[in-house]
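Structure file data29.pdb; described as PDB, C-alpha atoms.
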```pdb
ATOM      1  CA  MET A  27     128.008 107.165  48.197
ATOM      2  CA  SER A  28     127.321 110.173  50.386
ATOM      3  CA  GLY A  29     127.280 110.106  54.153
ATOM      4  CA  THR A  30     123.486 110.037  54.198
ATOM      5  CA  GLU A  31     122.936 107.420  51.471
ATOM      6  CA  CYS A  32     122.734 103.754  52.409
ATOM      7  CA  ILE A  33     123.866 100.681  50.511
ATOM      8  CA  HIS A  34     120.309 100.144  49.253
ATOM      9  CA  GLY A  35     120.278 103.493  47.471
ATOM     10  CA  PHE A  36     118.133 105.425  49.947
ATOM     11  CA  GLU A  37     119.025 108.907  51.140
ATOM     12  CA  ASN A  38     118.345 110.925  54.281
ATOM     13  CA  GLN A  39     118.140 107.870  56.535
ATOM     14  CA  LEU A  40     115.082 106.425  54.740
ATOM     15  CA  CYS A  41     116.349 102.853  54.992
ATOM     16  CA  ASP A  42     115.105 101.003  58.059
ATOM     17  CA  SER A  43     117.901  98.445  57.734
ATOM     18  CA  CYS A  44     120.828 100.875  57.706
ATOM     19  CA  PHE A  45     119.153 103.456  59.921
ATOM     20  CA  PRO A  46     116.818 101.444  62.178
ATOM     21  CA  LYS A  47     114.039 103.381  63.866
ATOM     22  CA  ALA A  48     113.221 102.999  67.520
ATOM     23  CA  VAL A  49     110.736 100.210  68.192
ATOM     24  CA  PRO A  50     107.435 101.711  69.385
ATOM     25  CA  VAL A  51     106.592 100.918  72.979
ATOM     26  CA  LYS A  52     102.974 100.196  72.234
ATOM     27  CA  PRO A  53     101.149  99.482  68.941
ATOM     28  CA  VAL A  54      98.318 101.801  67.959
ATOM     29  CA  THR A  55      94.882 100.291  67.457
ATOM     30  CA  ARG A  56      93.450 101.609  64.234
ATOM     31  CA  ALA A  57      89.871 102.668  63.655
ATOM     32  CA  THR A  58      87.894 102.337  60.428
ATOM     33  CA  THR A  59      87.930 105.104  57.842
ATOM     34  CA  THR A  60      84.749 106.578  59.348
ATOM     35  CA  SER A  61      85.979 106.817  62.933
ATOM     36  CA  ARG A  62      89.283 107.923  64.368
ATOM     37  CA  ALA A  63      91.457 106.530  67.122
ATOM     38  CA  LYS A  64      92.582 109.130  69.651
ATOM     39  CA  ARG A  65      95.980 109.554  71.221
ATOM     40  CA  VAL A  66      96.017 108.361  74.820
ATOM     41  CA  PRO A  67      95.985 111.435  77.104
ATOM     42  CA  GLY A  68      99.426 112.039  78.520
ATOM     43  CA  ALA A  69     101.184 109.922  75.902
ATOM     44  CA  PRO A  70     104.336 111.587  74.538
ATOM     45  CA  ARG A  71     104.005 113.345  71.217
ATOM     46  CA  ALA A  72     106.558 112.918  68.456
ATOM     47  CA  SER A  73     109.444 115.372  68.654
ATOM     48  CA  ALA A  74     108.873 118.030  65.999
ATOM     49  CA  ASN A  75     112.577 118.662  65.411
ATOM     50  CA  LYS A  76     113.092 115.023  64.366
ATOM     51  CA  LEU A  77     110.402 115.095  61.678
ATOM     52  CA  PRO A  78     110.671 116.486  58.135
ATOM     53  CA  ALA A  79     109.100 119.830  57.308
ATOM     54  CA  LEU A  80     105.914 119.836  55.251
ATOM     55  CA  ALA A  81     107.707 120.358  51.929
ATOM     56  CA  ASP A  82     110.194 117.561  52.665
ATOM     57  CA  GLN A  83     107.560 115.045  53.742
ATOM     58  CA  ARG A  84     107.919 111.967  51.541
ATOM     59  CA  VAL A  85     104.821 110.635  49.818
ATOM     60  CA  TYR A  86     104.243 107.261  48.170
ATOM     61  CA  HIS A  87     102.194 106.054  45.212
ATOM     62  CA  VAL A  88     101.876 102.283  44.755
ATOM     63  CA  THR A  89     101.103 100.756  41.378
ATOM     64  CA  HIS A  90     101.431  97.361  39.738
ATOM     65  CA  ILE A  91     104.580  96.951  37.692
ATOM     66  CA  SER A  92     102.471  96.171  34.610
ATOM     67  CA  ASN A  93     101.086  99.726  34.777
ATOM     68  CA  LEU A  94     104.532 101.304  34.897
ATOM     69  CA  GLU A  95     105.177 100.961  31.158
ATOM     70  CA  ASN A  96     102.140 103.102  30.336
ATOM     71  CA  ILE A  97     103.096 105.660  32.999
ATOM     72  CA  LEU A  98     106.558 105.956  31.491
ATOM     73  CA  ARG A  99     105.231 106.150  27.936
ATOM     74  CA  THR A 100     103.082 109.164  28.788
ATOM     75  CA  GLY A 101     105.519 110.535  31.372
ATOM     76  CA  GLN A 102     102.624 111.080  33.766
ATOM     77  CA  LEU A 103     100.806 109.514  36.684
ATOM     78  CA  VAL A 104      97.186 110.176  35.767
ATOM     79  CA  ALA A 105      94.084 110.420  37.964
ATOM     80  CA  ALA A 106      91.722 107.459  37.763
ATOM     81  CA  ALA A 107      88.987 109.486  36.031
ATOM     82  CA  GLN A 108      91.350 110.287  33.163
ATOM     83  CA  ILE A 109      92.764 106.826  32.536
ATOM     84  CA  ASP A 110      91.626 105.641  29.119
ATOM     85  CA  THR A 111      93.963 102.693  28.614
ATOM     86  CA  THR A 112      93.872  99.155  29.917
ATOM     87  CA  ILE A 113      95.537  98.877  33.315
ATOM     88  CA  LEU A 114      95.533  96.437  36.185
ATOM     89  CA  ASP A 115      92.954  98.091  38.435
ATOM     90  CA  VAL A 116      93.075  96.976  42.054
ATOM     91  CA  SER A 117      90.025  99.062  43.035
ATOM     92  CA  SER A 118      86.581  97.455  43.098
ATOM     93  CA  PRO A 119      83.608  99.009  41.242
ATOM     94  CA  LEU A 120      82.322 100.170  44.644
ATOM     95  CA  THR A 121      85.560 101.999  45.388
ATOM     96  CA  ARG A 122      85.573 103.630  41.963
ATOM     97  CA  GLU A 123      81.975 104.743  42.493
ATOM     98  CA  LEU A 124      82.730 106.203  45.935
ATOM     99  CA  ARG A 125      85.775 108.109  44.717
ATOM    100  CA  GLY A 126      83.837 109.276  41.675
ATOM    101  CA  THR A 127      81.008 110.747  43.749
ATOM    102  CA  ALA A 128      82.899 112.084  46.783
ATOM    103  CA  SER A 129      84.206 115.586  46.199
ATOM    104  CA  LEU A 130      86.623 118.095  47.684
ATOM    105  CA  SER A 131      85.835 121.710  48.522
ATOM    106  CA  THR A 132      86.956 122.530  44.977
ATOM    107  CA  GLY A 133      83.887 120.682  43.698
ATOM    108  CA  GLU A 134      86.074 118.156  41.871
ATOM    109  CA  SER A 135      85.556 114.458  42.583
ATOM    110  CA  VAL A 136      88.261 112.493  44.388
ATOM    111  CA  ASP A 137      88.922 110.311  41.345
ATOM    112  CA  ARG A 138      90.201 113.374  39.482
ATOM    113  CA  TYR A 139      93.218 113.472  41.784
ATOM    114  CA  VAL A 140      96.327 111.295  41.862
ATOM    115  CA  PRO A 141      96.639 109.867  45.400
ATOM    116  CA  PHE A 142      99.772 109.448  47.493
ATOM    117  CA  SER A 143     100.136 108.112  51.027
ATOM    118  CA  LEU A 144     102.182 109.748  53.780
ATOM    119  CA  VAL A 145     103.806 106.478  54.821
ATOM    120  CA  PRO A 146     104.818 103.327  52.929
ATOM    121  CA  GLU A 147     102.992 101.196  55.508
ATOM    122  CA  SER A 148      99.551 102.655  54.786
ATOM    123  CA  ASN A 149      96.400 100.805  55.761
ATOM    124  CA  SER A 150      95.347 100.364  52.141
ATOM    125  CA  TRP A 151      98.710  98.835  51.182
ATOM    126  CA  ARG A 152      98.602  96.605  54.261
ATOM    127  CA  GLU A 153      95.192  95.299  53.179
ATOM    128  CA  LEU A 154      96.254  94.824  49.574
ATOM    129  CA  ARG A 155      99.366  92.809  50.286
ATOM    130  CA  SER A 156      97.520  90.717  52.896
ATOM    131  CA  GLY A 157      95.081  89.297  50.354
ATOM    132  CA  ALA A 158      92.751  92.195  49.493
ATOM    133  CA  ALA A 159      89.751  90.571  51.171
ATOM    134  CA  GLU A 160      88.015  93.878  51.860
ATOM    135  CA  PRO A 161      85.213  95.135  49.554
ATOM    136  CA  ARG A 162      87.310  98.028  48.295
ATOM    137  CA  TRP A 163      89.540  95.687  46.259
ATOM    138  CA  SER A 164      88.942  94.166  42.832
ATOM    139  CA  ASP A 165      89.130  90.484  41.928
ATOM    140  CA  ALA A 166      92.394  91.249  40.132
ATOM    141  CA  ALA A 167      93.855  92.607  43.372
ATOM    142  CA  ARG A 168      93.289  89.234  45.021
ATOM    143  CA  THR A 169      95.274  87.339  42.383
ATOM    144  CA  VAL A 170      98.487  89.374  42.230
ATOM    145  CA  SER A 171     101.554  89.235  44.425
ATOM    146  CA  SER A 172     102.625  92.204  46.511
ATOM    147  CA  THR A 173     106.140  91.794  45.107
ATOM    148  CA  ASP A 174     104.801  92.722  41.652
ATOM    149  CA  PHE A 175     104.047  96.276  42.790
ATOM    150  CA  VAL A 176     106.363  99.290  42.844
ATOM    151  CA  PHE A 177     106.546 102.360  45.064
ATOM    152  CA  LEU A 178     106.901 105.734  43.353
ATOM    153  CA  VAL A 179     108.409 108.051  45.956
ATOM    154  CA  THR A 180     108.510 111.849  45.900
ATOM    155  CA  THR A 181     107.890 114.776  48.279
ATOM    156  CA  ILE A 182     105.113 117.258  48.939
ATOM    157  CA  ARG A 183     107.448 119.951  47.607
ATOM    158  CA  ALA A 184     107.588 118.145  44.255
ATOM    159  CA  LEU A 185     103.782 117.906  44.160
ATOM    160  CA  GLY A 186     103.636 121.706  44.134
ATOM    161  CA  ASP A 187     101.363 124.369  45.549
ATOM    162  CA  GLU A 188      98.184 122.647  44.386
ATOM    163  CA  ALA A 189      98.643 119.576  46.621
ATOM    164  CA  VAL A 190      95.748 118.746  48.966
ATOM    165  CA  LEU A 191      96.203 116.908  52.274
ATOM    166  CA  ALA A 192      93.378 114.618  53.434
ATOM    167  CA  ASP A 193      93.426 113.442  57.056
ATOM    168  CA  GLY A 194      91.974 110.047  56.081
ATOM    169  CA  ASP A 195      90.531 108.129  53.147
ATOM    170  CA  ALA A 196      89.703 110.918  50.709
ATOM    171  CA  ALA A 197      86.331 109.335  49.860
ATOM    172  CA  ALA A 198      85.230 108.840  53.480
ATOM    173  CA  SER A 199      82.470 111.087  54.809
ATOM    174  CA  LEU A 200      84.368 112.387  57.864
ATOM    175  CA  THR A 201      87.618 113.185  56.093
ATOM    176  CA  ARG A 202      88.830 116.773  56.250
ATOM    177  CA  PHE A 203      90.998 118.486  53.638
ATOM    178  CA  ALA A 204      93.733 121.104  53.840
ATOM    179  CA  THR A 205      94.682 123.116  50.780
ATOM    180  CA  ASP A 206      96.865 125.997  51.995
ATOM    181  CA  GLU A 207     100.317 125.649  53.521
ATOM    182  CA  ASP A 208      99.457 126.731  57.064
ATOM    183  CA  THR A 209      96.440 124.429  57.317
ATOM    184  CA  MET A 210      98.422 121.549  55.850
ATOM    185  CA  LYS A 211     101.197 122.083  58.398
ATOM    186  CA  ARG A 212      98.729 122.006  61.279
ATOM    187  CA  MET A 213      96.940 118.936  59.931
ATOM    188  CA  LEU A 214     100.190 117.069  59.287
ATOM    189  CA  GLY A 215     101.440 117.945  62.780
ATOM    190  CA  ASN A 216      98.235 116.592  64.342
ATOM    191  CA  LEU A 217      98.367 113.417  62.256
ATOM    192  CA  ARG A 218     101.953 112.768  63.276
ATOM    193  CA  ALA A 219     101.323 113.505  66.948
ATOM    194  CA  ASP A 220      98.313 111.196  67.118
ATOM    195  CA  GLU A 221      99.968 108.551  64.909
ATOM    196  CA  LEU A 222      97.150 108.678  62.377
ATOM    197  CA  THR A 223      99.160 108.959  59.167
ATOM    198  CA  ASP A 224      98.280 105.440  57.934
ATOM    199  CA  ASP A 225      95.001 106.475  56.260
ATOM    200  CA  ALA A 226      95.947 110.006  55.199
ATOM    201  CA  GLU A 227      96.299 110.900  51.535
ATOM    202  CA  VAL A 228      98.007 113.664  49.606
ATOM    203  CA  LEU A 229      96.239 114.482  46.352
ATOM    204  CA  ILE A 230      97.371 116.260  43.212
ATOM    205  CA  HIS A 231      94.794 117.236  40.607
ATOM    206  CA  GLY A 232      94.856 115.687  37.152
ATOM    207  CA  SER A 233      98.327 114.273  36.732
ATOM    208  CA  PHE A 234     101.860 114.259  38.092
ATOM    209  CA  ALA A 235     105.006 114.299  35.981
ATOM    210  CA  PHE A 236     107.051 111.129  36.378
ATOM    211  CA  ASP A 237     110.324 113.055  36.204
ATOM    212  CA  GLU A 238     109.420 114.439  39.643
ATOM    213  CA  VAL A 239     109.512 110.891  41.072
ATOM    214  CA  GLN A 240     112.723 110.653  43.085
ATOM    215  CA  LEU A 241     112.860 106.929  43.707
ATOM    216  CA  VAL A 242     111.220 103.702  42.558
ATOM    217  CA  GLY A 243     111.117 101.122  45.333
ATOM    218  CA  VAL A 244     110.933  97.448  44.336
ATOM    219  CA  ALA A 245     110.829  94.116  46.111
ATOM    220  CA  SER A 246     113.645  92.175  44.430
ATOM    221  CA  ASP A 247     116.654  92.286  42.151
ATOM    222  CA  ARG A 248     114.514  90.833  39.382
ATOM    223  CA  ALA A 249     111.965  93.628  39.721
ATOM    224  CA  ARG A 250     114.782  96.200  39.823
ATOM    225  CA  ASP A 251     116.212  94.885  36.552
ATOM    226  CA  ARG A 252     112.788  95.015  34.894
ATOM    227  CA  VAL A 253     112.103  98.551  36.118
ATOM    228  CA  LYS A 254     115.534  99.728  34.985
ATOM    229  CA  GLU A 255     114.842  98.322  31.520
ATOM    230  CA  LEU A 256     111.583 100.273  31.368
ATOM    231  CA  LEU A 257     113.237 103.450  32.651
ATOM    232  CA  ASP A 258     116.082 103.191  30.151
ATOM    233  CA  ALA A 259     113.662 102.626  27.282
ATOM    234  CA  ALA A 260     111.741 105.751  28.301
ATOM    235  CA  SER A 261     114.942 107.789  28.907
ATOM    236  CA  PHE A 262     114.355 108.283  32.630
ATOM    237  CA  ALA A 263     117.305 108.168  35.031
ATOM    238  CA  THR A 264     115.206 107.712  38.170
ATOM    239  CA  LYS A 265     116.929 105.828  40.998
ATOM    240  CA  VAL A 266     115.664 102.296  41.693
ATOM    241  CA  ALA A 267     116.142 100.679  45.105
ATOM    242  CA  VAL A 268     115.425  97.155  46.304
ATOM    243  CA  TYR A 269     113.720  97.333  49.678
ATOM    244  CA  PRO A 270     111.917  94.078  50.635
ATOM    245  CA  PRO A 271     110.510  95.344  53.997
ATOM    246  CA  TRP A 272     107.983  97.436  52.101
ATOM    247  CA  PHE A 273     106.587  94.348  50.391
ATOM    248  CA  ILE A 274     106.553  91.512  52.904
ATOM    249  CA  GLN A 275     103.311  90.652  54.675
TER     250      GLN A 275
END
```

As structure tokens, please, write out the structure in this file.
Amino acid sequence: MSGTECIHGFENQLCDSCFPKAVPVKPVTRATTTSRAKRVPGAPRASANKLPALADQRVYHVTHISNLENILRTGQLVAAAQIDTTILDVSSPLTRELRGTASLSTGESVDRYVPFSLVPESNSWRELRSGAAEPRWSDAARTVSSTDFVFLVTTIRALGDEAVLADGDAAASLTRFATDEDTMKRMLGNLRADELTDDAEVLIHGSFAFDEVQLVGVASDRARDRVKELLDAASFATKVAVYPPWFIQ
């Protein structure tokens, strides 16, 4: 174990148990996806030298463990518009319609991109594990346990030069997109400073190779054993880490 790897298998001080973060002085009240909360004037901004650079920013894709076998069989995370096999879909028909009609500046619809969040505690994941009562979730989403999901963790560097940063829900009307490195850096800096990373998405067009996933986060030893079986069967050596704080309500 290296000096920066914890007992749970995380590197670079990712683990909140081994490397606890400072408790925020005041919680941030979130707005809906169509309006944005503003940083309180005079409030301290996050220190830039304590945050990862754009390329090293971790990103997170959450999927049900039952979908992982198909991902490993194809070796790809595939955009929703390209999925032609049976999966457990947590998105409602309304959500699929919105992401199928909303488009980026490229002219491509949002559902042709694989989405990642900037933080594990994203608003969408918070809703999903709290019962999925909101209209964006499917009936199936309301029947599954949060501990049956897995986090696929990578970095913006691994996503490549074609990654797109959205400063909110990619299908929302007020969301802005950044496609070049300089614009992405500015947008990410603003999101961090105003503590608005919970809704932001990073998108990669078409598909993303699973061998670029650096870590699979799971809720329990049982889930870890199941994921390791799937990885071994598909000849992937991806690290698996049990990290319950990501999964508890």

(message) Here's the selection I'm unsure about, the PyMOL selection byres ((chain A and resi 238) around 10); applied to the file above, which residues does it give, as an NGL selection string?
(response) :A and (101-102 or 178-181 or 183-185 or 234-237 or 239-241 or 264)

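For the choices A:Leu154, A:Leu130, A:Ala166, A:Val136, the atom-to-atom distance to Asp115 in chain A is smallest for A:Ala166 when using only C-alpha atoms.
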
(message) So that I can check the surroundings of Asp208 in chain A, please list as a list in words every protein, DNA and RNA residue that reaches within 12 Å of it, counting all atoms listed in the file and ignoring chain neighbours fewer than 4 positions away.
(response) Ala79, Leu80, Ala81, Asp187, Val190, Leu191, Ala204, Arg212, Met213, Leu214 and Gly215 of chain A

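CA of Tyr139 in chain A is found 5.2 Å from CA of Ile230 in chain A.
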
Matched chain/residue IDs from the PyMOL selection byres ((chain A and resi 106) around 12), as an mmCIF file with C-alpha atoms, in the coordinates of the input:
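Output saved as result_21.cif:
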```cif
data_model
loop_
_atom_site.group_PDB
_atom_site.id
_atom_site.type_symbol
_atom_site.label_atom_id
_atom_site.label_comp_id
_atom_site.auth_asym_id
_atom_site.auth_seq_id
_atom_site.Cartn_x
_atom_site.Cartn_y
_atom_site.Cartn_z
ATOM 1 C CA LEU A 103 100.806 109.514 36.684
ATOM 2 C CA VAL A 104 97.186 110.176 35.767
ATOM 3 C CA ALA A 105 94.084 110.420 37.964
ATOM 4 C CA ALA A 107 88.987 109.486 36.031
ATOM 5 C CA GLN A 108 91.350 110.287 33.163
ATOM 6 C CA ILE A 109 92.764 106.826 32.536
ATOM 7 C CA ASP A 110 91.626 105.641 29.119
ATOM 8 C CA THR A 111 93.963 102.693 28.614
ATOM 9 C CA THR A 112 93.872 99.155 29.917
ATOM 10 C CA ILE A 113 95.537 98.877 33.315
ATOM 11 C CA LEU A 114 95.533 96.437 36.185
ATOM 12 C CA ASP A 115 92.954 98.091 38.435
ATOM 13 C CA VAL A 116 93.075 96.976 42.054
ATOM 14 C CA SER A 117 90.025 99.062 43.035
ATOM 15 C CA THR A 121 85.560 101.999 45.388
ATOM 16 C CA ARG A 122 85.573 103.630 41.963
ATOM 17 C CA GLU A 123 81.975 104.743 42.493
ATOM 18 C CA ARG A 125 85.775 108.109 44.717
ATOM 19 C CA GLY A 126 83.837 109.276 41.675
ATOM 20 C CA SER A 135 85.556 114.458 42.583
ATOM 21 C CA VAL A 136 88.261 112.493 44.388
ATOM 22 C CA ASP A 137 88.922 110.311 41.345
ATOM 23 C CA ARG A 138 90.201 113.374 39.482
ATOM 24 C CA TYR A 139 93.218 113.472 41.784
ATOM 25 C CA VAL A 140 96.327 111.295 41.862
ATOM 26 C CA PRO A 141 96.639 109.867 45.400
ATOM 27 C CA LEU A 229 96.239 114.482 46.352
ATOM 28 C CA ILE A 230 97.371 116.260 43.212
ATOM 29 C CA HIS A 231 94.794 117.236 40.607
ATOM 30 C CA GLY A 232 94.856 115.687 37.152
ATOM 31 C CA SER A 233 98.327 114.273 36.732
#
```

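In this structure, CA of Thr89 in chain A sits 15.7 Å away from CA of Ser156 in chain A.
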
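In this comparison, which uses all atoms listed in the file, the residue of A:Leu98, A:Ala260, A:Ala128, A:Arg168 approaching Leu200 in chain A most closely is A:Ala128.
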
(request) Mind listing whatever residues come within 12 Å of the point (96.1, 96.4, 52.5)? Use all atoms listed in the file, file coordinates, and give them as a ChimeraX atom specification. (result) /A:88,116-117,146-163,167-168,172,224-225,272-275

For Ala263 in chain A, please output as a PDB file with C-alpha atoms, in the frame of the given file all residues within 9 Å (counting all atoms listed in the file; exclusion window: fewer than 3 positions along the same chain).
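Final output, saved to out01.pdb:
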```
ATOM      1  CA  ASP A 237     110.324 113.055  36.204  1.00  0.00           C
ATOM      2  CA  LYS A 254     115.534  99.728  34.985  1.00  0.00           C
ATOM      3  CA  LEU A 257     113.237 103.450  32.651  1.00  0.00           C
ATOM      4  CA  ASP A 258     116.082 103.191  30.151  1.00  0.00           C
TER       5      ASP A 258
END
```

(message) Report as an MDAnalysis selection string all protein, DNA and RNA residues lying within 12 Å of Val253 in chain A, evaluated on only C-alpha atoms, omitting residues in the same chain fewer than 4 positions from it.
(response) chainID A and resid 90:95 97:98 174:178 241:249 257:260 262:268

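The coordinates place CA of Leu77 in chain A at 8.9 Å from CA of Arg218 in chain A.
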
(message) Given all atoms listed in the file as the basis, pick out the residue of A:Glu134, A:Asp195, A:Asp165, A:Asp82 nearest to Val228 in chain A.
(response) A:Asp195

(request) May I ask which of the residues A:Leu144, A:Glu255, A:Thr100, A:Thr132 is the closest one to Phe203 in chain A, counting only C-alpha atoms? (result) A:Thr132

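Checking A:Glu188, A:Leu222, A:Pro270, A:Asn216 one by one against Val145 in chain A, counting only C-alpha atoms, you find the shortest gap at A:Leu222.
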